[in-house]
Each structure stands twice: as C-alpha cells, then as structure tokens.
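A.B. asks: Pasting a structure below so you can have a look.
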Amino acid sequence: MTDQSMLERPTLGTAIQRFLSRRASWVPFFAALLILVLMFAGAQAYFGNFLTPRVISSLLLDNAYLLILAVGMTFVILTGGIDLSVGAVMAFTGMLGASMLRDGVPAPVVVPVMLVLGASMGLGVGVLVQYFDVQPFIASLAAMFAARGLAFMVSLASIRVDDAGILWLQSTRIQAAPGSWFITPTGIIAILVVVAGALVLAYTRFGRTIYAIGGNEQSARLMGLPVVRTKLLAYVVSGLCAGLAGVVFTAYTGASYPLNGIGTELDTIAAVVIGGTLLTGGSGFVLGSMIGVFVYGTIKTAISFLGAEQSWTRITIGGLLLLFVVVQRLIVARSRRR
Amino acid sequence: MMNVLRHRLFWPIAALLVLVIVNTVARPSFIAVTVQGGQLYGPLIDILRNSAPLMLVALGMTIVIATRGIDLSVGAIMAVSGAVALTIIEGSPDPDGMGTVLIAIVTGVLVAFVLGLWNGFLVSVIGIQPIIATLVLMLAGRGIALLITGGFITTINSDPYRFIAQGYVFGLPFALYVSLAAVAIVALIERRTALGMLTEAVGINPEASRLAGVRSRGIIWAAYAVSGLLAGLAGILYSSNIMAADANAAGLYIELDAILAVVLGGTSLMGGKFSLAGTVVGVFTIQTLKSTITFLGVPPAVSPLFLAIVVVIVVLVQSPRLRGWVARSTRWRVRPAASRDTEGSEVAPS
C-alpha cells in the first residue's frame, strides 16, 4: 500500500491518508480538535459575542481544576486502569487544607501537605491494584468512599478560606489591557501540569513504559519493563494531581465544601475519552485530554449563554462521549483488520 | 466442618451474622419486633423494607456482572423511571385512581426497560466496553430525569402509589414482597432453566461460548435489559417511599452499593459464576451496616468511610496474595496476575 502511494503523485488526499494510517492514534485527537473548532464557530455564529478574549480566558480559569485532574487521569487510563477517586480526593484535600489554614497553619506548609495527602491516596489505590490484585474500578471506588467520608469528617459545613496566598492564585489576573486576554496563576499551574504531563509521557522512560503497559501488559513484563513500579506511579501521579486540583479548586471557590466535586470523576473520564485516549489503554495524549476539557467547558459556557438548564450539559457530554467511543471502536476495528 | 467453612456463602453469611450480633449486643432493641395493629415494626423490619430498591438493582447487577459486564447507569435509570411515573400521576385528574397509578408504574418501568435495551445494544451489538457504554447513560440519565420533571422535585399525593413502599400486607411491608418476588422470579429463570449456565459460560469466555453455539449477544443484551427493568422498579419503590421524584438524589451511588453487594456475595467482577443467594446476603449486609452506622450516631455523610473500610477488608480477604500469606505458602512470589492476564488475552478475538 505504501509502495503504491509513493509512486503516485502526492496529492492532498493521499497525503492525508498516509498521515492517518501512520498516525492512527492521533486521529481521535484531531477529531476532538475538529469538534472544538466547530463548536467555537457554531457558538460564535449563533451568539455573535462568544469568541471574545474574556470568554476564552475564563474557559481556562473555570476548568483549571478539571484540566489538572484530566492529566492525572490520562496517566491511569493509559495503563488500562481507571481512577474513580479523583473528585472525592480533591474534596478531601481541599477540606483538610482549608481547616488547617483556618487553624493558622501557614500556606507554604498546607499546600505540600495537601499534595502529599493526594499522592498517598493514589499510592493506596495503586497498592491495592498492584499488590492485592484488586480491580482498579473497585480499588479506586473504595478510595472514593474513604476520601468522601474523610472530607465530611473534617467538617460537615463549608470552610471559608481567608489565606491571602491561596486567594492570590485565583484573584490575580495577569492581563495586558482591561478587557483583553488574561490568565490567573491557577491557569498557569494547569498549563504547566499539561506541559509536564505531555513531556513526561513522550520523552521519559516512565512515560514510554506507561504506553507499553497499556498496549500489552504481558509483553511489557516479558520485555523486563518495571510494570509494578510504573503502574503504582501512575496512580500516585493521579492522586498528586487530585491534591493539586484540591488547592486550585479551593482557591477558585474561596471555600471548601465536603460535597465539592461530586460527579467530577465522570466529567474527567468523559473529557479524557473525548480527547481521544482509548479506555483499553496504550493510546492517547495529554494534549487530547486538554482539548477534551475545553470541549466540556465550551458546552457548559454555551449552555449558560443559552440560558438553558444546566442539565443539558450532562446530556450533551453523554452524547458526545457516545459519539467518540463509537468512533474509537471503528478505529480499533479498522486497525485490527490490517 | 471444613465443608461448611469452604462453602462460598460462608464468609458473606458470617459477616452478616457478626453485624447482627454486634448490633444486638450494643442495643438489645435491635432484634425486637413489635406488633402494632397487626403490622410488624422494628429495626429488622426496617432493614428488610428499606433494602428493597437495592435488592432489585443488585439482582440485575448480578446478572450483568456474570456476563463480565457492569451497569453504572442503574441510579440514573431509577431517577428517570421515578420521574416518569410521578409526572404522569401529577398530570392526571385522578391521582388516587388505581388505573392512573398502574399506568404510571407500567410506563415508568417500560421506559427503564428501553434504557436497559439501549445499554445492551451498545455493549452487545456495537461492542463498547460496559463501563463506558453505561457511563453514557449515567451522565445523561439524570439530565433526562431533570428535563422530565422540569428541573423541580415533583411531589404528589396518591394513596395507591404510597402503598407500594409504605403499605403492609399480612403484617409485613409490601416492598419486601416485591423484592422477594423479584428474587424468586430471577432465581427461577436463571437456575431452573439453562439460562443461568449459559450466562456463566458467556462470562467465563465469551468467544469460546460463541463458538460453542451459545447466542452470547442475545444473552448479554437481555442481561442489561433486565437490569434496566429492575432498576426501573427500584425507582418506583424509591419515589413511592418519599412520594417525590428527585432527579438528583434518586438512586445516587446505588450502583456502587449494588456492585458492592454483588462482590460481598462472592460473585467475581471478572464474570462467570454468580450467586443470587450471595447477592441477597450482600444486600442485607450493606443495609444492616448502614443501619449500624446511623445507630452509632455517625453523621450519614461520613458513612462512606465505613463502606470503604468494608470494601477494602472484603477485597483483601478475596485477594489471592493475602490468602497466600495467610497460608504461609512458600510460593507466594508466583504472581497471580500473570496467570489471569494470559487467560484474558486468549479471550480477545484475533
């Protein structure tokens, strides 16, 4: 097939075809990007004032926590696992952090504690999965229950956060001129996490091992790759991201509430899948998850622009998820046939 | 004696008995059953009555898990069926009429059945992973329920409808009869026909059972449809208990409770062999545990922590590695995961 297309004069069609056949794992990513662009264009045509710097900037601001969670989730899903605990861990670290701040513990101590807490919850899930052969679904479910209960144990009511350092993350707007593009420190953190996640997955031994495990765990083990350590680390990364998301979300809302982030794990999984990561593992990109989060955020924003009920967000996300899963299914079926 | 210990229902039943004994020691009124006006009351009766929705959902979940699947959408389906039924009753001129209530129930359950068919279609025909296929409806279902109720919590007054969850027949709650009937029907169909064996065959190895002439597609499809149907009934029971359709709260986290009940009952999430009796025991265990947590004065919001502890204990007890340690096997270094993985890869169609 490649010989023939090399002999032919390279037209645009064959070029695209060759690109798609060589980079099949990027196809869902571009599909997501296409959907995002179409949604932007459609919203702009419909509302007329959608594609403004303010709206696009707040897209990143409002979904910074989801973006961070999605990066961690991508690591876990790439290994073929799943982490249902991220929303609850985010709520728990947020609650504990807020209560420590209330008791006068300085922020430079609180934030590392929150991160370590998230990472250790991830480690717990990883140990259950890896050493005790518990299915990721059940292990992370237990972590989700535990974190949610612990969050309520910290306090049943919401805790206000007055710490200037934490609030600074959200309230500072780095902006050239009033009304133009802006970015907050939380947005910068989220972008940094995406960049770090993408680099780690693409260029480090750890990242490549994750892809190898997702492709075929048995083969990865036979190749002598450190399967156990890598899978453990993937859950730790996800827990760490959940802890960081706890910091960002606390800054975003200026308070912590134990019911924060209910259903967030599903939004995160949906964003990752829409971004083109295969749930069977082994194929997907952090950048795709970012696109997935933006698709999610755009739907939410468009629905609030419409003034329609927010219940449509979940329906639309459900529909999009279905569409992407079917597309993935077709791609997998095609690559099997070859 | 060893035979009793080895029976696969031994540990689930032991756990339930321990819970009941601990409760009885802590508060002797726990096993007290009082009779008022020919009706039985007491904590045990409450547990039997309140476990009905979970029982229905867990039954369906058992069948789905036996086919190597999972149904995350049951909570959302409960919300939809409750919303449909209550909207019909609310809109009718005669909310107390038997006919109205029957139509409402049948419509609600039928809608749930159709949603179950949809799940089954995605899994068995399109071939999407069960977690994701049902996640779609889990996400969208509550939105649909909110649309049906118009974003409000629909409340109604209808005596026949109230009877379903709160009424008494022969001194026992009507809801208990519903869940017992469901258990009996499912057990009859699965265990007195070949269907149960075929379901296990599909769960153990879908490809091999297909080659052996089992219509695995139809069996998987039917499992999800039944799960949807039972979830719909559970939604009716739930909404009848509070006489309101709350699209956000109805059946919240029930899918997790149901999965937990199935696992507690000894059915593996890997599919294959399933135990309906185990699921029944698991449901009662979870309901007793919840009642215990409430009794201990723990805020209900903290109760997930206890569930988590129970889950971890249960999965650790089931874990081959821990069993190996306990048995002081010298060969505990042999990775059990490796053998399971080989089995898994053989299943994948080439």
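As shown in the structure tokens, the chain order sets the letters A, B, ...; within each chain, residues go from 1, and ligands are also counted from 1 in the order they appear.
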Based on only C-alpha atoms, which of the residues in chain A come within 6 Å of chain B? I want them as a list of chain:residue names.

C.D. replies: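 Every residue meeting the condition is included here: A:Phe132, A:Ala142, A:Phe145, A:Ala146, A:Gly149, A:Phe152, A:Ser311, A:Arg314, A:Ile315, A:Gly318.
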
A.B. asks: Atoms to include: N, CA and C atoms. Write the selected residues as a PDB file, in the first residue's frame.

C.D. replies:
ATOM      1  N   PHE A 132      -2.493  -6.474  45.541  1.00  0.00           N
ATOM      2  CA  PHE A 132      -3.568  -7.338  46.021  1.00  0.00           C
ATOM      3  C   PHE A 132      -4.533  -7.711  44.908  1.00  0.00           C
ATOM      4  N   ALA A 142     -13.222   2.315  46.499  1.00  0.00           N
ATOM      5  CA  ALA A 142     -13.007   2.339  47.949  1.00  0.00           C
ATOM      6  C   ALA A 142     -12.342   3.645  48.354  1.00  0.00           C
ATOM      7  N   PHE A 145     -14.945   6.408  48.315  1.00  0.00           N
ATOM      8  CA  PHE A 145     -15.783   6.373  49.523  1.00  0.00           C
ATOM      9  C   PHE A 145     -15.003   6.923  50.710  1.00  0.00           C
ATOM     10  N   ALA A 146     -13.752   6.426  50.864  1.00  0.00           N
ATOM     11  CA  ALA A 146     -12.952   6.825  52.023  1.00  0.00           C
ATOM     12  C   ALA A 146     -12.725   8.329  52.030  1.00  0.00           C
ATOM     13  N   GLY A 149     -15.893  10.276  52.854  1.00  0.00           N
ATOM     14  CA  GLY A 149     -16.212  10.201  54.281  1.00  0.00           C
ATOM     15  C   GLY A 149     -15.253  11.041  55.109  1.00  0.00           C
ATOM     16  N   PHE A 152     -16.065  14.694  55.000  1.00  0.00           N
ATOM     17  CA  PHE A 152     -17.153  15.058  55.905  1.00  0.00           C
ATOM     18  C   PHE A 152     -16.685  14.998  57.354  1.00  0.00           C
ATOM     19  N   SER A 311     -28.855  20.952  33.144  1.00  0.00           N
ATOM     20  CA  SER A 311     -28.967  19.508  32.953  1.00  0.00           C
ATOM     21  C   SER A 311     -28.613  19.124  31.521  1.00  0.00           C
ATOM     22  N   ARG A 314     -24.873  17.724  30.984  1.00  0.00           N
ATOM     23  CA  ARG A 314     -24.613  16.304  31.163  1.00  0.00           C
ATOM     24  C   ARG A 314     -25.152  15.485  29.989  1.00  0.00           C
ATOM     25  N   ILE A 315     -26.326  15.883  29.483  1.00  0.00           N
ATOM     26  CA  ILE A 315     -26.895  15.142  28.350  1.00  0.00           C
ATOM     27  C   ILE A 315     -25.977  15.270  27.140  1.00  0.00           C
ATOM     28  N   GLY A 318     -22.834  13.310  27.650  1.00  0.00           N
ATOM     29  CA  GLY A 318     -23.139  11.899  27.455  1.00  0.00           C
ATOM     30  C   GLY A 318     -23.194  11.549  25.975  1.00  0.00           C
TER      31      GLY A 318
END

A.B. asks: So which residues touch A:Ile299 within 9 Å, counting only C-alpha atoms, skipping near sequence neighbours fewer than 2 positions away, as a PyMOL selection string?

C.D. replies: chain A and resi 39+294-297+301-304+313+316-317

A.B. asks: Using only C-alpha atoms, pick whichever of A:Thr52, A:Ser158, A:Thr74, A:Gln170 has the shortest atom-to-atom distance to A:Ser289.

C.D. replies: A:Thr74

A.B. asks: Within 8 Å of A:Ala91, counting only C-alpha atoms, which residues show up once you throw out same-chain ones fewer than 6 positions away? Write them as a PDB file with C-alpha atoms, in the first residue's frame, please.

C.D. replies:
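Saved as part_2.pdb:
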ATOM      1  CA  ALA A 147     -12.000  10.292  50.813  1.00  0.00           C
ATOM      2  CA  ARG A 148     -15.619  11.454  50.744  1.00  0.00           C
ATOM      3  CA  ALA A 151     -13.945  15.071  53.882  1.00  0.00           C
ATOM      4  CA  GLY A 246      -7.816  20.477  45.591  1.00  0.00           C
ATOM      5  CA  SER A 256     -14.096  24.237  50.770  1.00  0.00           C
ATOM      6  CA  TYR A 257     -17.225  22.179  50.909  1.00  0.00           C
ATOM      7  CA  PRO A 258     -17.237  18.411  51.518  1.00  0.00           C
ATOM      8  CA  LEU A 259     -19.697  17.885  48.655  1.00  0.00           C
ATOM      9  CA  ASN A 260     -17.307  19.533  46.173  1.00  0.00           C
ATOM     10  CA  GLY A 261     -16.515  17.542  43.097  1.00  0.00           C
TER      11      GLY A 261
END

A.B. asks: Name the residues in contact with stretch 202-211 of chain B at a cut-off of 9 Å, using only C-alpha atoms, excluding same-chain residues fewer than 4 positions from it; report them as an NGL selection string.

C.D. replies: :B and (65-69 or 197-198 or 215-217 or 219-220 or 270-273 or 344 or 347-349)

A.B. asks: Any chance you can output those residues with C-alpha atoms as an mmCIF file, in the first residue's frame?

C.D. replies:
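Full text of again35.cif as output:
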data_model
loop_
_atom_site.group_PDB
_atom_site.id
_atom_site.type_symbol
_atom_site.label_atom_id
_atom_site.label_comp_id
_atom_site.auth_asym_id
_atom_site.auth_seq_id
_atom_site.Cartn_x
_atom_site.Cartn_y
_atom_site.Cartn_z
ATOM 1 C CA ILE B 65 -21.620 -8.813 36.192
ATOM 2 C CA ALA B 66 -21.960 -12.543 35.452
ATOM 3 C CA THR B 67 -21.682 -11.705 31.734
ATOM 4 C CA ARG B 68 -18.422 -9.886 32.523
ATOM 5 C CA GLY B 69 -20.107 -6.508 32.330
ATOM 6 C CA MET B 197 -25.454 -21.761 32.943
ATOM 7 C CA LEU B 198 -25.327 -20.031 29.553
ATOM 8 C CA ARG B 215 -26.046 -16.895 21.471
ATOM 9 C CA SER B 216 -23.872 -14.687 23.654
ATOM 10 C CA ARG B 217 -25.068 -11.476 22.012
ATOM 11 C CA ILE B 219 -27.765 -13.187 26.474
ATOM 12 C CA ILE B 220 -25.669 -10.090 27.141
ATOM 13 C CA MET B 270 -14.368 -10.920 36.328
ATOM 14 C CA GLY B 271 -17.657 -12.515 35.347
ATOM 15 C CA GLY B 272 -18.665 -16.104 35.199
ATOM 16 C CA LYS B 273 -20.002 -17.906 38.233
ATOM 17 C CA GLY B 344 -7.617 -12.537 29.418
ATOM 18 C CA VAL B 347 -10.271 -14.234 25.015
ATOM 19 C CA ALA B 348 -9.540 -11.311 22.760
ATOM 20 C CA PRO B 349 -10.788 -12.023 19.239
#

A.B. asks: If we count only C-alpha atoms, what is near stretch 185-195 of chain B at a cut-off of 10 Å, once residues fewer than 2 positions away on the same chain are taken out, given as an MDAnalysis selection string?

C.D. replies: chainID B and resid 59:60 63 179:183 197:201 219 226 275:277

A.B. asks: For stretch 24-31 of chain B, find every residue with an atom within 12 Å (counting only C-alpha atoms), except residues of its own chain fewer than 6 positions away, and show them as JSON, numbers by chain.

C.D. replies: {"B": [17, 18, 40, 41, 42, 43, 44, 45, 46, 47, 288, 291, 292, 295, 296]}

A.B. asks: Between atom CA of A:Ala242 and atom CA of A:Val86, what is the spacing in Å?

C.D. replies: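 Result for atom CA of A:Val86 versus atom CA of A:Ala242: 5.4 Å, one decimal.
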
A.B. asks: As a count of residues only, please: all residues of stretch 124-324 of chain B that backbone DSSP puts in strand (DSSP E).

C.D. replies: 8

A.B. asks: Give me the residues within 8 Å of stretch 325-328 of chain A as a PyMOL selection string, counting only C-alpha atoms and dropping any in the same chain fewer than 4 places off.

C.D. replies: (chain A and resi 28+273-274+276+278+321+332) or (chain B and resi 126+128+132)

A.B. asks: Enumerate, as a ChimeraX atom specification, the complete set of residues in stretch 44-212 of chain B that a backbone-based DSSP assignment places in alpha helix (DSSP H).

C.D. replies: /B:44-50,52-66,74-91,98-120,130-149,159-166,174-191,195-204,206-211

A.B. asks: Take the residues from that selection and write them out as a short mmCIF file (atom, residue, chain, number, x, y, z; two decimals), in the first residue's frame, keeping C-alpha atoms.

C.D. replies:
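This is the output file again-v3.cif:
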data_model
loop_
_atom_site.label_atom_id
_atom_site.label_comp_id
_atom_site.auth_asym_id
_atom_site.auth_seq_id
_atom_site.Cartn_x
_atom_site.Cartn_y
_atom_site.Cartn_z
CA LEU B 44 -35.00 -5.59 61.43
CA ILE B 45 -38.27 -4.96 59.59
CA ASP B 46 -36.98 -1.53 58.55
CA ILE B 47 -33.87 -3.13 57.12
CA LEU B 48 -35.98 -5.62 55.15
CA ARG B 49 -38.22 -2.81 53.87
CA ASN B 50 -35.51 -0.29 53.04
CA ALA B 52 -35.98 -3.43 48.55
CA PRO B 53 -34.67 -0.92 45.95
CA LEU B 54 -31.07 -2.05 46.48
CA MET B 55 -32.19 -5.68 46.23
CA LEU B 56 -33.83 -5.12 42.83
CA VAL B 57 -30.84 -3.20 41.48
CA ALA B 58 -28.33 -5.70 42.86
CA LEU B 59 -30.20 -8.63 41.26
CA GLY B 60 -29.91 -7.03 37.85
CA MET B 61 -26.31 -6.13 38.57
CA THR B 62 -25.52 -9.76 39.43
CA ILE B 63 -26.70 -10.93 36.02
CA VAL B 64 -24.82 -8.16 34.23
CA ILE B 65 -21.62 -8.81 36.19
CA ALA B 66 -21.96 -12.54 35.45
CA VAL B 74 -28.91 1.97 37.32
CA GLY B 75 -29.08 5.03 39.59
CA ALA B 76 -29.86 7.30 36.67
CA ILE B 77 -32.46 4.83 35.36
CA MET B 78 -34.10 4.87 38.81
CA ALA B 79 -34.29 8.65 38.63
CA VAL B 80 -35.85 8.50 35.15
CA SER B 81 -38.49 5.89 35.98
CA GLY B 82 -39.49 7.72 39.16
CA ALA B 83 -39.70 11.00 37.27
CA VAL B 84 -41.84 9.46 34.51
CA ALA B 85 -44.24 7.78 36.93
CA LEU B 86 -44.71 10.80 39.15
CA THR B 87 -45.10 13.20 36.25
CA ILE B 88 -47.91 11.02 34.88
CA ILE B 89 -49.66 10.88 38.26
CA GLU B 90 -49.21 14.58 38.83
CA GLY B 91 -50.66 15.41 35.43
CA MET B 98 -55.86 2.62 40.69
CA GLY B 99 -55.79 2.88 36.88
CA THR B 100 -53.71 6.05 36.89
CA VAL B 101 -51.18 4.56 39.27
CA LEU B 102 -50.93 1.34 37.26
CA ILE B 103 -50.41 3.23 34.02
CA ALA B 104 -47.77 5.40 35.70
CA ILE B 105 -45.90 2.39 37.07
CA VAL B 106 -46.03 0.42 33.83
CA THR B 107 -44.88 3.43 31.80
CA GLY B 108 -42.05 4.20 34.20
CA VAL B 109 -40.82 0.61 34.18
CA LEU B 110 -41.18 0.37 30.37
CA VAL B 111 -39.05 3.50 29.90
CA ALA B 112 -36.45 1.94 32.20
CA PHE B 113 -36.62 -1.28 30.17
CA VAL B 114 -35.99 0.67 26.97
CA LEU B 115 -32.99 2.38 28.59
CA GLY B 116 -31.71 -1.05 29.59
CA LEU B 117 -32.17 -2.26 25.99
CA TRP B 118 -30.15 0.75 24.84
CA ASN B 119 -27.29 -0.19 27.21
CA GLY B 120 -27.43 -3.76 25.99
CA PRO B 130 -19.62 -1.95 29.52
CA ILE B 131 -18.19 0.70 31.88
CA ILE B 132 -18.27 3.34 29.16
CA ALA B 133 -21.48 2.26 27.47
CA THR B 134 -23.37 2.59 30.74
CA LEU B 135 -21.41 5.68 31.76
CA VAL B 136 -23.06 7.46 28.83
CA LEU B 137 -26.49 6.89 30.32
CA MET B 138 -25.23 7.53 33.84
CA LEU B 139 -24.17 11.00 32.71
CA ALA B 140 -27.16 11.73 30.52
CA GLY B 141 -29.85 9.92 32.53
CA ARG B 142 -30.06 12.38 35.39
CA GLY B 143 -30.21 15.21 32.91
CA ILE B 144 -33.12 13.48 31.17
CA ALA B 145 -34.87 12.98 34.53
CA LEU B 146 -34.40 16.67 35.32
CA LEU B 147 -35.93 17.57 31.96
CA ILE B 148 -38.93 15.32 32.63
CA THR B 149 -39.60 16.93 36.00
CA ASP B 159 -52.60 6.70 48.31
CA PRO B 160 -52.22 3.68 46.00
CA TYR B 161 -48.77 4.90 44.99
CA ARG B 162 -47.77 5.45 48.59
CA PHE B 163 -48.82 1.86 49.34
CA ILE B 164 -46.03 0.37 47.19
CA ALA B 165 -43.25 1.36 49.58
CA GLN B 166 -45.10 2.14 52.77
CA PHE B 174 -45.37 -4.65 50.73
CA ALA B 175 -41.92 -3.62 49.46
CA LEU B 176 -40.49 -6.80 50.97
CA TYR B 177 -42.89 -8.90 48.89
CA VAL B 178 -41.80 -7.02 45.77
CA SER B 179 -38.14 -7.74 46.39
CA LEU B 180 -38.81 -11.37 47.36
CA ALA B 181 -40.89 -11.86 44.21
CA ALA B 182 -38.09 -10.40 42.11
CA VAL B 183 -35.54 -12.70 43.75
CA ALA B 184 -37.81 -15.71 43.21
CA ILE B 185 -38.52 -14.91 39.55
CA VAL B 186 -34.90 -14.20 38.68
CA ALA B 187 -33.74 -17.31 40.55
CA LEU B 188 -36.36 -19.48 38.79
CA ILE B 189 -35.43 -18.21 35.35
CA GLU B 190 -31.68 -18.37 35.90
CA ARG B 191 -31.45 -21.57 37.91
CA LEU B 195 -30.09 -19.59 31.07
CA GLY B 196 -28.00 -19.30 34.23
CA MET B 197 -25.45 -21.76 32.94
CA LEU B 198 -25.33 -20.03 29.55
CA THR B 199 -24.86 -16.66 31.30
CA GLU B 200 -21.93 -18.07 33.24
CA ALA B 201 -20.49 -19.55 30.05
CA VAL B 202 -20.63 -16.15 28.36
CA GLY B 203 -18.98 -14.55 31.38
CA ILE B 204 -16.21 -17.10 31.63
CA PRO B 206 -17.45 -15.03 25.50
CA GLU B 207 -15.54 -16.18 22.45
CA ALA B 208 -15.48 -19.86 23.39
CA SER B 209 -19.17 -19.87 24.29
CA ARG B 210 -19.99 -18.20 20.97
CA LEU B 211 -18.03 -20.86 19.13
#

A.B. asks: Between A:Val286, A:Val154, A:Leu279, A:Leu169, single out the one closest to A:Val194, counting only C-alpha atoms.

C.D. replies: A:Val286
